[in-house]
$ cat coords-v4.cif   # mmCIF, C-alpha atoms
data_target
#
loop_
_atom_site.label_atom_id
_atom_site.label_comp_id
_atom_site.auth_asym_id
_atom_site.auth_seq_id
_atom_site.Cartn_x
_atom_site.Cartn_y
_atom_site.Cartn_z
CA LEU A 299 -19.08 -24.53 6.36
CA LEU A 300 -15.77 -26.35 6.62
CA LEU A 301 -14.08 -23.69 4.52
CA ILE A 302 -15.44 -20.90 6.70
CA PHE A 303 -14.36 -22.80 9.81
CA SER A 304 -10.86 -23.24 8.34
CA ILE A 305 -10.48 -19.53 7.70
CA ILE A 306 -11.71 -18.61 11.19
CA ALA A 307 -9.53 -21.27 12.82
CA SER A 308 -6.44 -20.09 10.92
CA GLN A 309 -7.05 -16.47 11.92
CA ASN A 310 -7.58 -17.31 15.59
CA LEU A 311 -4.61 -19.66 15.75
CA ALA A 312 -2.35 -17.16 14.01
CA ASP A 313 -3.29 -14.62 16.67
CA SER A 314 -2.58 -17.13 19.43
CA PHE A 315 0.87 -17.94 17.99
CA ALA A 316 1.76 -14.25 17.84
CA PRO A 317 4.52 -12.94 20.15
CA ASP A 318 3.88 -10.38 22.87
CA ASN A 319 3.24 -6.77 21.85
CA TRP A 320 2.57 -7.70 18.23
CA LEU A 321 1.18 -5.08 15.87
CA PHE A 322 0.50 -7.02 12.68
CA TYR A 323 1.57 -10.06 10.69
CA HIS A 324 1.81 -11.19 7.10
CA ALA A 325 2.09 -14.69 5.65
CA LYS A 326 5.46 -15.51 4.15
CA ASP A 327 5.50 -16.45 0.46
CA THR A 328 7.14 -19.80 1.21
CA PHE A 329 4.55 -22.58 1.56
CA SER A 330 1.67 -20.06 1.40
CA GLU A 331 0.16 -21.44 -1.82
CA ILE A 332 0.62 -25.04 -0.70
CA SER A 333 -0.93 -24.29 2.68
CA SER A 334 -3.86 -22.51 1.03
CA CYS A 335 -4.56 -25.51 -1.20
CA GLY A 336 -4.26 -27.79 1.81
CA LEU A 337 -6.91 -25.74 3.60
CA VAL A 338 -9.34 -25.57 0.70
CA LEU A 339 -9.20 -29.02 -0.91
CA PRO A 340 -10.14 -31.07 2.19
CA CYS A 341 -13.15 -28.80 2.74
CA PHE A 342 -14.56 -30.07 -0.54
CA GLY A 343 -13.04 -33.55 -0.39
CA VAL A 344 -14.64 -34.52 2.93
CA PRO A 345 -18.31 -33.90 1.98
CA ILE A 346 -17.80 -35.46 -1.46
CA ALA A 347 -16.22 -38.57 0.09
CA ILE A 348 -19.01 -38.86 2.65
CA SER A 349 -21.73 -38.50 0.01
CA TYR A 350 -20.14 -41.18 -2.20
CA GLY A 351 -19.61 -43.44 0.81
CA ILE A 352 -23.26 -43.21 1.82
CA ARG A 353 -24.46 -43.82 -1.72
CA ASP A 354 -22.12 -46.72 -2.55
CA LYS A 355 -21.89 -48.06 1.04
CA LYS A 356 -18.08 -48.09 0.94
CA LEU A 357 -17.66 -46.76 4.45
CA TRP A 358 -14.10 -47.97 5.05
CA LYS A 359 -12.77 -46.26 1.93
CA THR A 360 -14.73 -43.17 2.85
CA LEU A 361 -13.29 -43.19 6.36
CA GLY A 362 -9.76 -43.44 4.94
CA ILE A 363 -10.33 -40.49 2.60
CA VAL A 364 -11.86 -38.43 5.40
CA LEU A 365 -8.96 -39.19 7.76
CA GLY A 366 -6.49 -38.29 5.01
CA CYS A 367 -8.28 -35.00 4.42
CA VAL A 368 -8.27 -34.27 8.14
CA VAL A 369 -4.50 -34.88 8.32
CA VAL A 370 -3.86 -32.63 5.31
CA TRP A 371 -6.18 -29.98 6.75
CA GLY A 372 -4.48 -30.11 10.16
CA LEU A 373 -0.95 -29.87 8.72
CA SER A 374 -2.01 -27.00 6.46
CA ILE A 375 -3.51 -25.07 9.36
CA TYR A 376 -0.32 -25.62 11.35
CA CYS A 377 1.89 -24.40 8.49
CA THR A 378 -0.43 -21.45 7.86
CA VAL A 379 -0.42 -20.17 11.42
CA THR A 380 3.32 -20.73 11.96
CA ASN A 381 4.51 -19.43 8.60
CA ASN A 382 4.10 -15.73 9.31
CA VAL A 383 6.24 -12.64 9.79
CA TYR A 384 5.10 -10.80 12.92
CA VAL A 385 5.99 -7.18 13.61
CA THR A 386 6.07 -6.20 17.26
CA LYS A 387 6.79 -2.85 18.93
CA ASP A 388 10.54 -3.39 18.66
CA SER A 389 11.25 -6.45 16.52
CA VAL A 390 10.41 -8.53 13.46
CA VAL A 391 9.69 -12.16 14.31
CA VAL A 392 9.86 -14.83 11.60
CA SER A 393 7.75 -17.82 12.60
CA SER A 394 8.53 -21.18 10.98
CA PRO A 395 6.88 -24.60 11.28
CA PHE A 396 10.23 -26.37 11.11
CA LYS A 397 12.53 -24.41 13.44
CA ALA A 398 12.57 -21.93 16.28
CA ASP A 399 11.38 -18.39 15.64
CA VAL A 400 13.98 -15.95 14.33
CA VAL A 401 13.89 -12.49 15.88
CA TYR A 402 15.33 -9.34 14.30
CA SER A 403 15.41 -5.92 15.95
CA TYR A 404 14.47 -2.75 14.10
CA GLU A 405 18.18 -1.87 14.11
CA ASP A 406 18.81 -4.88 11.85
CA ILE A 407 16.69 -3.33 9.08
CA THR A 408 19.00 -1.82 6.45
CA LEU A 409 16.56 -0.73 3.73
CA VAL A 410 12.88 0.01 3.21
CA GLU A 411 11.16 -0.17 -0.19
CA ALA A 412 7.59 0.95 -0.88
CA GLY A 413 5.50 1.35 -4.00
CA PHE A 414 2.94 -0.23 -6.29
CA ASP A 415 3.28 -3.31 -8.50
CA ARG A 416 1.08 -3.66 -11.59
CA ASN A 417 -0.41 -7.07 -12.26
CA LYS A 418 0.08 -9.12 -15.41
CA SER A 419 -2.96 -7.60 -17.12
CA GLN A 420 -1.53 -4.11 -16.45
CA THR A 421 -4.98 -2.96 -15.31
CA ASP A 422 -4.55 -3.15 -11.54
CA ALA A 423 -1.83 -2.57 -8.96
CA ASP A 424 -1.00 -3.80 -5.46
CA PHE A 425 0.76 -1.86 -2.74
CA TYR A 426 3.93 -3.39 -1.32
CA TYR A 427 6.15 -2.55 1.62
CA ARG A 428 9.45 -4.40 1.73
CA ILE A 429 12.15 -4.42 4.38
CA THR A 430 15.68 -5.75 4.04
CA VAL A 431 17.24 -7.23 7.15
CA GLY A 432 20.98 -7.70 7.53
CA THR A 433 21.99 -11.02 9.08
CA THR A 434 25.22 -12.92 9.61
CA GLU A 435 24.20 -15.14 6.69
CA GLY A 436 23.43 -12.27 4.34
CA GLU A 437 20.34 -10.21 3.59
CA GLN A 438 16.74 -11.27 4.09
CA LYS A 439 13.81 -9.50 2.46
CA PHE A 440 10.26 -9.50 3.82
CA THR A 441 7.40 -8.04 1.81
CA PHE A 442 4.17 -6.81 3.38
CA GLY A 443 1.00 -5.99 1.49
CA ILE A 444 -2.41 -6.17 3.11
CA VAL A 445 -1.53 -7.22 6.65
CA SER A 446 -3.56 -8.61 9.56
CA GLY A 447 -3.52 -6.18 12.46
CA ASN A 448 -3.91 -6.79 16.17
CA GLN A 449 -7.60 -6.14 16.82
CA GLU A 450 -6.93 -5.61 20.52
CA ILE A 451 -5.33 -2.31 19.56
CA THR A 452 -8.22 0.15 19.39
CA ARG A 453 -6.60 2.22 16.65
CA TYR A 454 -6.36 -0.81 14.35
CA ALA A 455 -9.77 -2.19 15.25
CA GLU A 456 -11.50 1.06 14.28
CA ASP A 457 -9.62 1.63 11.02
CA THR A 458 -7.66 -0.57 8.63
CA HIS A 459 -4.30 -0.22 6.90
CA LEU A 460 -2.84 1.94 9.65
CA GLU A 461 -0.38 -0.73 10.80
CA LEU A 462 2.17 -0.18 8.05
CA LEU A 463 1.88 3.60 8.42
CA ASP A 464 2.80 3.41 12.12
CA PHE A 465 5.62 0.94 11.40
CA ASP A 466 7.02 3.16 8.64
CA LYS A 467 6.98 6.25 10.85
CA VAL A 468 9.13 4.48 13.45
CA LEU A 469 11.63 3.28 10.83
CA MET A 470 11.83 6.72 9.21
CA ASP A 471 12.41 8.33 12.63
CA MET A 472 15.33 5.92 12.99
CA GLY A 473 16.75 7.17 9.70
CA ILE A 474 16.65 3.84 7.87
CA PRO A 475 17.27 4.36 4.12
CA LYS A 476 14.19 4.18 1.91
CA GLN A 477 13.53 3.66 -1.79
CA SER A 478 9.98 4.46 -2.86
CA SER A 479 7.92 5.33 -5.93
CA GLU A 480 4.42 6.66 -6.57
CA ALA A 481 4.30 5.06 -10.02
CA TYR A 482 1.12 3.09 -10.77
CA ALA A 483 -0.69 4.39 -7.67
CA GLU A 484 -3.63 5.34 -9.91
CA TYR A 485 -4.13 1.66 -10.74
CA LEU A 486 -4.77 0.68 -7.11
CA SER A 487 -8.36 -0.59 -6.91
CA MET A 488 -9.07 0.62 -3.39
CA ASP A 489 -10.88 3.57 -1.84
CA ASP A 490 -9.16 6.94 -2.19
CA LYS A 491 -8.77 7.01 1.58
CA TYR A 492 -6.50 3.99 1.53
CA ARG A 493 -4.70 5.06 -1.64
CA GLU A 494 -3.75 8.31 0.11
CA ARG A 495 -2.66 6.36 3.17
CA PHE A 496 -0.35 4.21 1.10
CA LEU A 497 0.93 7.27 -0.73
CA GLN A 498 1.71 8.84 2.64
CA ILE A 499 3.84 5.81 3.43
CA VAL A 500 5.59 6.09 0.06
CA ARG A 501 6.27 9.83 0.60
CA ASN A 502 7.64 9.45 4.14
CA LYS A 503 11.40 9.97 4.15
CA PRO A 504 14.15 9.19 6.68
CA LYS A 505 14.71 11.98 9.19
CA LYS A 506 18.45 11.45 9.59
#

$ encode --input "coords-v4.cif" --output "structure tokens"
Amino acid sequence: LLLIFSIIASQNLADSFAPDNWLFYHAKDTFSEISSCGLVLPCFGVPIAISYGIRDKKLWKTLGIVLGCVVVWGLSIYCTVTNNVYVTKDSVVVSSPFKADVVYSYEDITLVEAGFDRNKSQTDADFYYRITVGTTEGEQKFTFGIVSGNQEITRYAEDTHLELLDFDKVLMDMGIPKQSSEAYAEYLSMDDKYRERFLQIVRNKPKK
């Protein structure tokens, strides 16, 4: 129950932290694994600590463990919901738990990459969509896979995996350079409908 509550809370809080006019978001790689562990481990640690405390009557130790788990859980939820890359109708917003949000316009995007990565077992593949943003400090790359769309947008609520297609169409209309490949598409373990949707993204080319 705690695990389910954590997932729901993270989703709702991530939506509430989103900027105006957001279309979708994706968790950044940085801290994502640590945050995920911080969400999961307390969900099992709290009931185990309580059960041992009741059995051995060591309530103070149990209380300390529970409070520690709550702190870890709270920090992990905070890092999870503020460690995302949001795409809005005209910008890319990088949300960080340690500094103010960084906002890039679509005009800052210098390259788009799209394709399919095979996993280590070479039996499956994942779709990726990567953008390169030019900044005063150099280039930043942001990779999107399966994203979380804004469910208040009817189009996204009724069908999934349309967010990246819409985003890609805008960037291609702007003439942003694109590198893409259909290699390994046959290894994607998803419905043909979504495979074709991702292939459509891969096949879209700049118009200028």

$ closest_residue --input "coords-v4.cif" --among "A:Tyr384, A:Phe440, A:Trp371, A:Phe496" --to "Trp320 in chain A" --atoms "all atoms listed in the file"
A:Tyr384

$ residues_around --input "coords-v4.cif" --residues "Glu411 in chain A" --least-positions-apart "5" --cutoff "9 Å" --atoms "only C-alpha atoms" --output "list in words"
Tyr426, Tyr427, Arg428, Ile429, Thr430, Thr441, Pro475, Lys476, Gln477, Ser478, Ser479 and Val500 of chain A

$ write_last_selection --input "coords-v4.cif" --atoms "C-alpha atoms" --output "CSV table (one decimal), in the frame of the given file"
chain,number,residue,atom,x,y,z
A,426,TYR,CA,3.9,-3.4,-1.3
A,427,TYR,CA,6.2,-2.6,1.6
A,428,ARG,CA,9.4,-4.4,1.7
A,429,ILE,CA,12.2,-4.4,4.4
A,430,THR,CA,15.7,-5.8,4.0
A,441,THR,CA,7.4,-8.0,1.8
A,475,PRO,CA,17.3,4.4,4.1
A,476,LYS,CA,14.2,4.2,1.9
A,477,GLN,CA,13.5,3.7,-1.8
A,478,SER,CA,10.0,4.5,-2.9
A,479,SER,CA,7.9,5.3,-5.9
A,500,VAL,CA,5.6,6.1,0.1

$ closest_residue --input "coords-v4.cif" --among "A:Leu409, A:Met472, A:Leu462, A:Cys367" --to "Gly443 in chain A" --atoms "all atoms listed in the file"
A:Leu462

$ residues_around --input "coords-v4.cif" --residues "Ser446 in chain A" --least-positions-apart "6" --cutoff "8 Å" --atoms "only C-alpha atoms" --output "list in words"
Phe322, Tyr323 and His324 of chain A

$ residues_around --input "coords-v4.cif" --residues "range 487-492 of chain A" --least-positions-apart "3" --cutoff "8 Å" --atoms "all atoms listed in the file" --output "list in words"
Asp422, Ala423, His459, Arg495 and Phe496 of chain A

$ closest_residue --input "coords-v4.cif" --among "A:Asp466, A:Asp424, A:Glu484, A:Glu456" --to "Gln498 in chain A" --atoms "all atoms listed in the file"
A:Asp466

$ resolve_selection --input "coords-v4.cif" --expression "the PyMOL selection byres ((chain A and resi 387-395) around 12)" --output "number ranges by chain"
A: 312, 315-330, 333, 373-386, 396-407, 429-431, 438-440, 442, 448, 461, 464-466, 468-469, 472

$ write_last_selection --input "coords-v4.cif" --atoms "C-alpha atoms" --output "tab-separated table (two decimals), in the coordinates of the input"
chain	number	residue	atom	x	y	z
A	312	ALA	CA	-2.35	-17.16	14.01
A	315	PHE	CA	0.87	-17.94	17.99
A	316	ALA	CA	1.76	-14.25	17.84
A	317	PRO	CA	4.52	-12.94	20.15
A	318	ASP	CA	3.88	-10.38	22.87
A	319	ASN	CA	3.24	-6.77	21.85
A	320	TRP	CA	2.57	-7.70	18.23
A	321	LEU	CA	1.18	-5.08	15.87
A	322	PHE	CA	0.50	-7.02	12.68
A	323	TYR	CA	1.57	-10.06	10.69
A	324	HIS	CA	1.81	-11.19	7.10
A	325	ALA	CA	2.09	-14.69	5.65
A	326	LYS	CA	5.46	-15.51	4.15
A	327	ASP	CA	5.50	-16.45	0.46
A	328	THR	CA	7.14	-19.80	1.21
A	329	PHE	CA	4.55	-22.58	1.56
A	330	SER	CA	1.67	-20.06	1.40
A	333	SER	CA	-0.93	-24.29	2.68
A	373	LEU	CA	-0.95	-29.87	8.72
A	374	SER	CA	-2.01	-27.00	6.46
A	375	ILE	CA	-3.51	-25.07	9.36
A	376	TYR	CA	-0.32	-25.62	11.35
A	377	CYS	CA	1.89	-24.40	8.49
A	378	THR	CA	-0.43	-21.45	7.86
A	379	VAL	CA	-0.42	-20.17	11.42
A	380	THR	CA	3.32	-20.73	11.96
A	381	ASN	CA	4.51	-19.43	8.60
A	382	ASN	CA	4.10	-15.73	9.31
A	383	VAL	CA	6.24	-12.64	9.79
A	384	TYR	CA	5.10	-10.80	12.92
A	385	VAL	CA	5.99	-7.18	13.61
A	386	THR	CA	6.07	-6.20	17.26
A	396	PHE	CA	10.23	-26.37	11.11
A	397	LYS	CA	12.53	-24.41	13.44
A	398	ALA	CA	12.57	-21.93	16.28
A	399	ASP	CA	11.38	-18.39	15.64
A	400	VAL	CA	13.98	-15.95	14.33
A	401	VAL	CA	13.89	-12.49	15.88
A	402	TYR	CA	15.33	-9.34	14.30
A	403	SER	CA	15.41	-5.92	15.95
A	404	TYR	CA	14.47	-2.75	14.10
A	405	GLU	CA	18.18	-1.87	14.11
A	406	ASP	CA	18.81	-4.88	11.85
A	407	ILE	CA	16.69	-3.33	9.08
A	429	ILE	CA	12.15	-4.42	4.38
A	430	THR	CA	15.68	-5.75	4.04
A	431	VAL	CA	17.24	-7.23	7.15
A	438	GLN	CA	16.74	-11.27	4.09
A	439	LYS	CA	13.81	-9.50	2.46
A	440	PHE	CA	10.26	-9.50	3.82
A	442	PHE	CA	4.17	-6.81	3.38
A	448	ASN	CA	-3.91	-6.79	16.17
A	461	GLU	CA	-0.38	-0.73	10.80
A	464	ASP	CA	2.80	3.41	12.12
A	465	PHE	CA	5.62	0.94	11.40
A	466	ASP	CA	7.02	3.16	8.64
A	468	VAL	CA	9.13	4.48	13.45
A	469	LEU	CA	11.63	3.28	10.83
A	472	MET	CA	15.33	5.92	12.99

$ atom_distance --input "coords-v4.cif" --atom1 "CA of Val370 in chain A" --atom2 "CA of Ile346 in chain A"
15.8 Å

$ atom_distance --input "coords-v4.cif" --atom1 "CA of Leu497 in chain A" --atom2 "CA of Arg416 in chain A"
15.4 Å

$ axis_aligned_box --input "coords-v4.cif" --around "range 364-380 of chain A" --padding-each-side "5 Å" --output "lines of an AutoDock Vina configuration file"
center_x = -4.3
center_y = -29.7
center_z = 8.2
size_x = 25.2
size_y = 29.0
size_z = 17.5

$ resolve_selection --input "coords-v4.cif" --expression "the PyMOL selection byres ((chain A and resi 505) around 8)" --output "number ranges by chain"
A: 470-473, 503-504, 506

$ atom_distance --input "coords-v4.cif" --atom1 "CA of Glu480 in chain A" --atom2 "CA of Phe414 in chain A"
7.1 Å

$ closest_residue --input "coords-v4.cif" --among "A:Asp313, A:Ile348, A:Phe425, A:Lys418" --to "Arg493 in chain A" --atoms "only C-alpha atoms"
A:Phe425

$ closest_residue --input "coords-v4.cif" --among "A:Ser349, A:Gly436, A:Val445, A:Leu361" --to "Thr458 in chain A" --atoms "all atoms listed in the file"
A:Val445

$ decode --input "coords-v4.cif" --residues "range 412-424 of chain A" --atoms "all heavy atoms" --output "compact mmCIF listing (two decimals), in the first residue's frame"
# COMPACT_ATOMS: atom_id res chain seq x y z
N ALA A 412 16.81 10.26 -33.15
CA ALA A 412 15.73 9.32 -32.84
C ALA A 412 16.07 7.95 -33.39
O ALA A 412 16.67 7.83 -34.47
CB ALA A 412 14.41 9.81 -33.43
N GLY A 413 15.69 6.92 -32.65
CA GLY A 413 15.97 5.56 -33.10
C GLY A 413 15.64 4.55 -32.03
O GLY A 413 14.84 4.81 -31.12
N PHE A 414 16.29 3.39 -32.11
CA PHE A 414 16.00 2.28 -31.21
C PHE A 414 17.31 1.71 -30.69
O PHE A 414 18.23 1.41 -31.46
CB PHE A 414 15.21 1.19 -31.95
CG PHE A 414 13.94 1.70 -32.58
CD1 PHE A 414 13.94 2.22 -33.86
CD2 PHE A 414 12.74 1.66 -31.87
CE1 PHE A 414 12.77 2.70 -34.45
CE2 PHE A 414 11.57 2.14 -32.45
CZ PHE A 414 11.59 2.66 -33.73
N ASP A 415 17.40 1.56 -29.39
CA ASP A 415 18.57 0.97 -28.73
C ASP A 415 18.26 -0.45 -28.31
O ASP A 415 17.24 -0.70 -27.65
CB ASP A 415 18.97 1.78 -27.49
CG ASP A 415 19.80 2.99 -27.83
OD1 ASP A 415 20.50 2.95 -28.87
OD2 ASP A 415 19.76 3.97 -27.07
N ARG A 416 19.13 -1.41 -28.70
CA ARG A 416 18.96 -2.79 -28.24
C ARG A 416 19.52 -2.93 -26.83
O ARG A 416 20.49 -2.27 -26.46
CB ARG A 416 19.65 -3.76 -29.18
CG ARG A 416 19.04 -3.80 -30.58
CD ARG A 416 19.75 -4.78 -31.48
NE ARG A 416 19.45 -6.16 -31.12
CZ ARG A 416 19.92 -7.21 -31.79
NH1 ARG A 416 20.72 -7.02 -32.84
NH2 ARG A 416 19.60 -8.43 -31.41
N ASN A 417 18.89 -3.81 -26.04
CA ASN A 417 19.37 -4.02 -24.68
C ASN A 417 20.56 -4.97 -24.67
O ASN A 417 21.01 -5.45 -25.71
CB ASN A 417 18.24 -4.53 -23.78
CG ASN A 417 17.68 -5.87 -24.28
OD1 ASN A 417 18.29 -6.56 -25.10
ND2 ASN A 417 16.52 -6.23 -23.78
N LYS A 418 21.08 -5.23 -23.48
CA LYS A 418 22.29 -6.04 -23.36
C LYS A 418 22.09 -7.46 -23.87
O LYS A 418 23.03 -8.08 -24.38
CB LYS A 418 22.75 -6.07 -21.89
CG LYS A 418 23.23 -4.71 -21.38
CD LYS A 418 23.68 -4.80 -19.93
CE LYS A 418 24.16 -3.44 -19.43
NZ LYS A 418 24.59 -3.50 -18.00
N SER A 419 20.89 -7.99 -23.73
CA SER A 419 20.62 -9.36 -24.18
C SER A 419 20.42 -9.43 -25.69
O SER A 419 20.33 -10.52 -26.27
CB SER A 419 19.38 -9.91 -23.48
OG SER A 419 18.23 -9.18 -23.86
N GLN A 420 20.34 -8.26 -26.34
CA GLN A 420 20.15 -8.17 -27.79
C GLN A 420 18.83 -8.77 -28.26
O GLN A 420 18.68 -9.16 -29.42
CB GLN A 420 21.32 -8.88 -28.52
CG GLN A 420 22.70 -8.33 -28.18
CD GLN A 420 22.89 -6.90 -28.67
OE1 GLN A 420 22.77 -6.62 -29.84
NE2 GLN A 420 23.20 -6.00 -27.76
N THR A 421 17.88 -8.91 -27.36
CA THR A 421 16.58 -9.51 -27.72
C THR A 421 15.45 -8.49 -27.69
O THR A 421 14.33 -8.82 -28.08
CB THR A 421 16.23 -10.66 -26.75
OG1 THR A 421 16.19 -10.15 -25.41
CG2 THR A 421 17.28 -11.77 -26.84
N ASP A 422 15.71 -7.29 -27.22
CA ASP A 422 14.67 -6.28 -27.10
C ASP A 422 15.28 -4.92 -27.42
O ASP A 422 16.49 -4.75 -27.40
CB ASP A 422 14.09 -6.29 -25.68
CG ASP A 422 12.74 -5.59 -25.60
OD1 ASP A 422 12.24 -5.17 -26.67
OD2 ASP A 422 12.21 -5.44 -24.49
N ALA A 423 14.42 -3.97 -27.71
CA ALA A 423 14.89 -2.62 -28.03
C ALA A 423 13.97 -1.59 -27.41
O ALA A 423 12.79 -1.85 -27.16
CB ALA A 423 14.96 -2.42 -29.55
N ASP A 424 14.52 -0.41 -27.13
CA ASP A 424 13.76 0.71 -26.58
C ASP A 424 13.87 1.89 -27.53
O ASP A 424 14.93 2.15 -28.10
CB ASP A 424 14.31 1.11 -25.21
CG ASP A 424 14.14 0.01 -24.18
OD1 ASP A 424 13.05 -0.57 -24.13
OD2 ASP A 424 15.12 -0.26 -23.45
